[in-house]
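Data block below; observations after.
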Amino acid sequence: MWTVIYIAPTAKIADRIKTKLSEEGFLVQVRPISLTKNQFEILVPEGELEEVQEVLNSILHR
């Protein structure tokens with residue numbers, strides 16, 4: 001099952017996060033929330049949630 005770990009405010013930020021997480025070996029999906037808000041959900045498999053959160057924190061705080 002896929003779990004939302006972050007909502008990115010732009011496509012550029014969503015792509016950057018997806019790329020960095022993929023480089024770390026995680027499976028990642030990005031899907032738009034709505035066309036009018038231009039926000040994107042970042043999803044990962046539920047089993048990888050804790051590991052991904054640690055990596056995501058380091059990505060967001062650079």
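Identifiers in the structure tokens: chain A, B, ... in order shown; residue index from 1 per chain; ligand index from 1 in order shown.
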Would you mind listing what lies within 7 Å of segment 41-47 of chain A as a PyMOL selection string, with only C-alpha atoms counted and same-chain residues fewer than 3 positions away left out?
chain A and resi 1-8+14+27-33
Distance query Ile13 of chain A at most 10 Å, only C-alpha atoms, self and fewer than 5 positions along chain excluded, as a PyMOL selection string:
chain A and resi 7-8+18-19+39-40+60
Next, dump the selected residues to file, keeping only N, CA, C and O atoms, as a PDB file, in the first residue's frame.
ATOM      1  N   ILE A   7       3.460  16.699   0.712  1.00  0.00           N
ATOM      2  CA  ILE A   7       2.706  17.385  -0.339  1.00  0.00           C
ATOM      3  C   ILE A   7       3.571  18.539  -0.817  1.00  0.00           C
ATOM      4  O   ILE A   7       3.855  19.475  -0.065  1.00  0.00           O
ATOM      5  N   ALA A   8       4.017  18.426  -2.046  1.00  0.00           N
ATOM      6  CA  ALA A   8       4.905  19.437  -2.630  1.00  0.00           C
ATOM      7  C   ALA A   8       4.080  20.560  -3.253  1.00  0.00           C
ATOM      8  O   ALA A   8       3.077  20.295  -3.917  1.00  0.00           O
ATOM      9  N   LYS A  18      11.444  13.379  -5.571  1.00  0.00           N
ATOM     10  CA  LYS A  18      11.360  12.037  -6.165  1.00  0.00           C
ATOM     11  C   LYS A  18      12.735  11.563  -6.629  1.00  0.00           C
ATOM     12  O   LYS A  18      13.128  10.429  -6.374  1.00  0.00           O
ATOM     13  N   THR A  19      13.474  12.441  -7.280  1.00  0.00           N
ATOM     14  CA  THR A  19      14.806  12.082  -7.773  1.00  0.00           C
ATOM     15  C   THR A  19      15.735  11.711  -6.628  1.00  0.00           C
ATOM     16  O   THR A  19      16.409  10.683  -6.671  1.00  0.00           O
ATOM     17  N   GLN A  39      -0.598  21.237  -6.628  1.00  0.00           N
ATOM     18  CA  GLN A  39       0.144  20.576  -5.572  1.00  0.00           C
ATOM     19  C   GLN A  39       0.274  19.093  -5.914  1.00  0.00           C
ATOM     20  O   GLN A  39      -0.559  18.543  -6.622  1.00  0.00           O
ATOM     21  N   PHE A  40       1.324  18.472  -5.362  1.00  0.00           N
ATOM     22  CA  PHE A  40       1.623  17.095  -5.716  1.00  0.00           C
ATOM     23  C   PHE A  40       1.906  16.259  -4.481  1.00  0.00           C
ATOM     24  O   PHE A  40       2.657  16.680  -3.599  1.00  0.00           O
ATOM     25  N   LEU A  60      14.836  18.021   2.846  1.00  0.00           N
ATOM     26  CA  LEU A  60      14.093  19.268   3.048  1.00  0.00           C
ATOM     27  C   LEU A  60      14.886  20.307   3.836  1.00  0.00           C
ATOM     28  O   LEU A  60      14.618  21.495   3.727  1.00  0.00           O
TER      29      LEU A  60
END
Among segment 2-48 of chain A, which ones does DSSP assign to strand (DSSP E or B) (computed from the backbone)? Answer as a list of chain:residue names.
A:Trp2, A:Thr3, A:Val4, A:Ile5, A:Tyr6, A:Ile7, A:Ala8, A:Gln29, A:Val30, A:Arg31, A:Pro32, A:Ile33, A:Ser34, A:Gln39, A:Phe40, A:Glu41, A:Ile42, A:Leu43, A:Val44, A:Pro45
Using DSSP on the backbone coordinates, identify all residues within chain A classified as helix (DSSP H, G or I); present the result as a ChimeraX atom specification.
/A:11-23,46-60
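Using only C-alpha atoms, the smallest distance between any of A:Leu49, A:Ile17, A:Lys12, A:Gly25 and Arg62 of chain A comes from A:Ile17.
Atom CA of Glu48 of chain A to atom CA of Leu21 of chain A spans 11.2 Å [interatomic distance, one decimal].
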Distance in Å - atom CA of Pro9 of chain A versus atom CA of Glu54 of chain A:
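Taking atom CA of Pro9 of chain A as the start and atom CA of Glu54 of chain A as the end point, the length is 20.2 Å.
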Interatomic distance (Å, one decimal) between atom CA of Val52 of chain A and atom CA of Ser34 of chain A:
24.4 Å
